[in-house]
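Q: Pasting a structure here, questions to come.
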Amino acid sequence: MKKITHAVIPVAGFGTRMLPLSKAVPKELLPLGNRPAIHYVVEEAIAAGIKHIVLVGHAQKSAIENYFDINAELDNQLRHKGKDELADSLNWLPDDVTVAMIRQGKALGLGHAVLAARPIIGEHDFAVLLPDVVLDPFTGDMAADNLAFMIDAFAEDNHSQILVDNVADEDVHKYGIAKLHEAFSEESREDGEADSNASFKVAGFVEKPDLANAPSKLAVVGRYVFSNHIFDYLANTKASVGGEIQLTDAIDALISEYGVNVTTMRGDSYDAGDMRSYMQAFIYFAQQQLAADE
């Protein structure tokens with residue numbers, strides 16, 4: 001089976017929900033414990049087998065690209081002072097992993113950001129990781145769960161995969177919600193905390209419905225594995241809500257022609273792009289790291 005080794009991480013947004021923190025520092029570089037949020041997202045991708053990462057960015061967010069580059073002057077200074085271990089910890093990317101950045105150019109939505117990566121991704125199938133969503137790295141196994149599971153599932157049947165999780169009634173209106181086929185009952189699929197990932201076909205998605213009209217309570221989490229065909233649909237998708245090219249419109253077209261699966265999430269996730277959730281995540285990550293150092 002040919003496994004996916006390419007991933008796209010859109011990082012062009014200004015992070016207005018995180019102001020004033022994100023006024024001068026990209027939201028993706030805000031810390032969760034002792035590392036920037038995007039560090040965990042890239043670690044997750046690498047653990048799942050990704051070798052080529054494309055950051056879709058903006059002219060004012062070059063600091064993100066710098067984070068993954070080697071600062072030769074700093075490296076030399078640390079080693080000159082005998083701090084080799086610290087220097088090594090800063091250059092943590094494996095030798096066989098590349099991180100490149102391409103600019104989105106215009107703020108035309110998530111679908112446009114994914115399409116902007118096409119010149120680098122080429123004809124490869126690929127994953128998409130939204131950096132606002134950070135999966136708990138302290139529980140479970142990043143080499144087997146969630147994104148890694150989705151990549152394996154795609155290799156088996158070539159169906160694009162979208163990660164979903166069961167959300168509370170009062171949060172349904174905040175997310176894209178999966179519409180299931182009748183063969184999959186909510187009783188058998190929406191049972192709270194899942195002990196393992198499960199992948200099954202989805203009929204479509206409804207964007208931010210009210211609870212009364214929601215087809216389920218399975219919300220899109222921010223991890224996708226796509227067939228390269230998604231690029232063709234994105235290229236032909238017209239701008240809609242807010243003048244943006246919506247990724248969900250291209251996904252609907254992909255469902256109708258090739259079929260798409262959802263994968264139920266294992267473990268917890270944190271919205272690092274929302275101030276309240278970010279602060280809760282920071283406390284949790286810091287507590288885990290302080291406990292590990294004791």
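Ordering of the structure tokens sets the chain letters (A, B, ...), residue numbers begin anew at 1 in every chain, and ligands are numbered from 1 in the order given.
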Find the residues around stretch 230-241 of chain A up to 9 Å (only C-alpha atoms counted), leave out those fewer than 5 positions away in its own chain, and share them as a PyMOL selection string.

A: chain A and resi 108-109+111-112+114-115+118+246-247+249-251+253-254

Q: Taking the chain letters and numbering used in this document, name the residues of stretch 33-191 of chain A that DSSP puts in helix (DSSP H, G or I), as a ChimeraX atom specification.

A: /A:37-47,59-67,72-80,84-90,110-116,118-121,147-157,169-174,186-189

Q: Kindly indicate which residue among A:Thr5, A:Gln161, A:Gln288, A:Asn228 lies nearest to A:Gly259, using only C-alpha atoms for the distances.

A: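 Of all the options, A:Gln161 lies closest to A:Gly259.
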
Q: Quick check, in Å to one decimal: how far apart do atom CA of A:Leu218 and atom CA of A:Ala178 lie?

A: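 About the pair atom CA of A:Leu218 and atom CA of A:Ala178: they are 5.6 Å apart.
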
Q: Tell me, which residues of stretch 3-223 of chain A carry DSSP strand (DSSP E or B), written as an MDAnalysis selection string?

A: chainID A and resid 6:10 31:32 35:36 52:57 98:103 126:129 133:135 160:166 176:180 199:207 218:223

Q: Using only C-alpha atoms, please write the residues we just selected to a file, as a PDB file, in the first residue's frame.

A:
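Saved to result.pdb:
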ATOM      1  CA  HIS A   6       2.746  15.003   2.135  1.00  0.00           C
ATOM      2  CA  ALA A   7       0.799  17.427   4.319  1.00  0.00           C
ATOM      3  CA  VAL A   8      -0.552  20.977   4.078  1.00  0.00           C
ATOM      4  CA  ILE A   9      -0.826  23.279   7.105  1.00  0.00           C
ATOM      5  CA  PRO A  10      -2.627  26.603   6.401  1.00  0.00           C
ATOM      6  CA  PRO A  31       3.083  28.717  23.477  1.00  0.00           C
ATOM      7  CA  LEU A  32       1.317  25.675  24.810  1.00  0.00           C
ATOM      8  CA  ARG A  35       6.596  24.859  22.877  1.00  0.00           C
ATOM      9  CA  PRO A  36       4.653  26.781  20.212  1.00  0.00           C
ATOM     10  CA  HIS A  52       6.998  16.740   3.289  1.00  0.00           C
ATOM     11  CA  ILE A  53       5.135  19.600   4.996  1.00  0.00           C
ATOM     12  CA  VAL A  54       3.844  22.660   3.143  1.00  0.00           C
ATOM     13  CA  LEU A  55       2.991  25.735   5.190  1.00  0.00           C
ATOM     14  CA  VAL A  56       0.571  28.027   3.350  1.00  0.00           C
ATOM     15  CA  GLY A  57       1.410  31.412   4.788  1.00  0.00           C
ATOM     16  CA  THR A  98      11.232  18.918   4.818  1.00  0.00           C
ATOM     17  CA  VAL A  99       9.204  22.024   5.683  1.00  0.00           C
ATOM     18  CA  ALA A 100       8.478  24.537   2.920  1.00  0.00           C
ATOM     19  CA  MET A 101       6.320  27.667   2.827  1.00  0.00           C
ATOM     20  CA  ILE A 102       4.234  29.054  -0.003  1.00  0.00           C
ATOM     21  CA  ARG A 103       2.156  32.221   0.216  1.00  0.00           C
ATOM     22  CA  PHE A 126      -1.987  14.548   1.016  1.00  0.00           C
ATOM     23  CA  ALA A 127      -3.148  15.381   4.526  1.00  0.00           C
ATOM     24  CA  VAL A 128      -4.373  18.753   5.801  1.00  0.00           C
ATOM     25  CA  LEU A 129      -3.852  19.780   9.428  1.00  0.00           C
ATOM     26  CA  VAL A 133      -6.572  22.328  16.472  1.00  0.00           C
ATOM     27  CA  VAL A 134      -3.993  20.641  18.700  1.00  0.00           C
ATOM     28  CA  LEU A 135      -4.571  16.996  19.610  1.00  0.00           C
ATOM     29  CA  SER A 160     -10.608  10.586   1.578  1.00  0.00           C
ATOM     30  CA  GLN A 161     -10.911  10.812   5.363  1.00  0.00           C
ATOM     31  CA  ILE A 162     -12.188  13.594   7.653  1.00  0.00           C
ATOM     32  CA  LEU A 163     -11.712  13.483  11.432  1.00  0.00           C
ATOM     33  CA  VAL A 164     -14.841  14.086  13.521  1.00  0.00           C
ATOM     34  CA  ASP A 165     -15.705  14.107  17.196  1.00  0.00           C
ATOM     35  CA  ASN A 166     -18.916  14.076  19.187  1.00  0.00           C
ATOM     36  CA  GLY A 176     -19.402  21.641  10.373  1.00  0.00           C
ATOM     37  CA  ILE A 177     -21.554  18.607  11.242  1.00  0.00           C
ATOM     38  CA  ALA A 178     -21.463  15.238   9.485  1.00  0.00           C
ATOM     39  CA  LYS A 179     -24.573  13.845   7.839  1.00  0.00           C
ATOM     40  CA  LEU A 180     -24.446  10.079   8.164  1.00  0.00           C
ATOM     41  CA  SER A 199     -13.900   4.980   9.717  1.00  0.00           C
ATOM     42  CA  PHE A 200     -17.190   4.932   7.820  1.00  0.00           C
ATOM     43  CA  LYS A 201     -18.842   6.636   4.859  1.00  0.00           C
ATOM     44  CA  VAL A 202     -20.406  10.064   5.206  1.00  0.00           C
ATOM     45  CA  ALA A 203     -23.283  11.468   3.142  1.00  0.00           C
ATOM     46  CA  GLY A 204     -22.284  15.117   3.493  1.00  0.00           C
ATOM     47  CA  PHE A 205     -21.790  17.996   5.905  1.00  0.00           C
ATOM     48  CA  VAL A 206     -23.941  20.839   7.201  1.00  0.00           C
ATOM     49  CA  GLU A 207     -22.062  24.005   8.153  1.00  0.00           C
ATOM     50  CA  LEU A 218     -20.238  14.600  14.886  1.00  0.00           C
ATOM     51  CA  ALA A 219     -18.216  17.766  14.295  1.00  0.00           C
ATOM     52  CA  VAL A 220     -15.245  18.215  11.954  1.00  0.00           C
ATOM     53  CA  VAL A 221     -12.086  18.418  14.069  1.00  0.00           C
ATOM     54  CA  GLY A 222      -9.496  19.830  11.643  1.00  0.00           C
ATOM     55  CA  ARG A 223      -7.666  16.812  10.216  1.00  0.00           C
TER      56      ARG A 223
END

Q: Measure the distance from atom CA of A:Asn66 to atom CA of A:Asp274 in Å and round it to one decimal.

A: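 About the pair atom CA of A:Asn66 and atom CA of A:Asp274: they are 24.1 Å apart.
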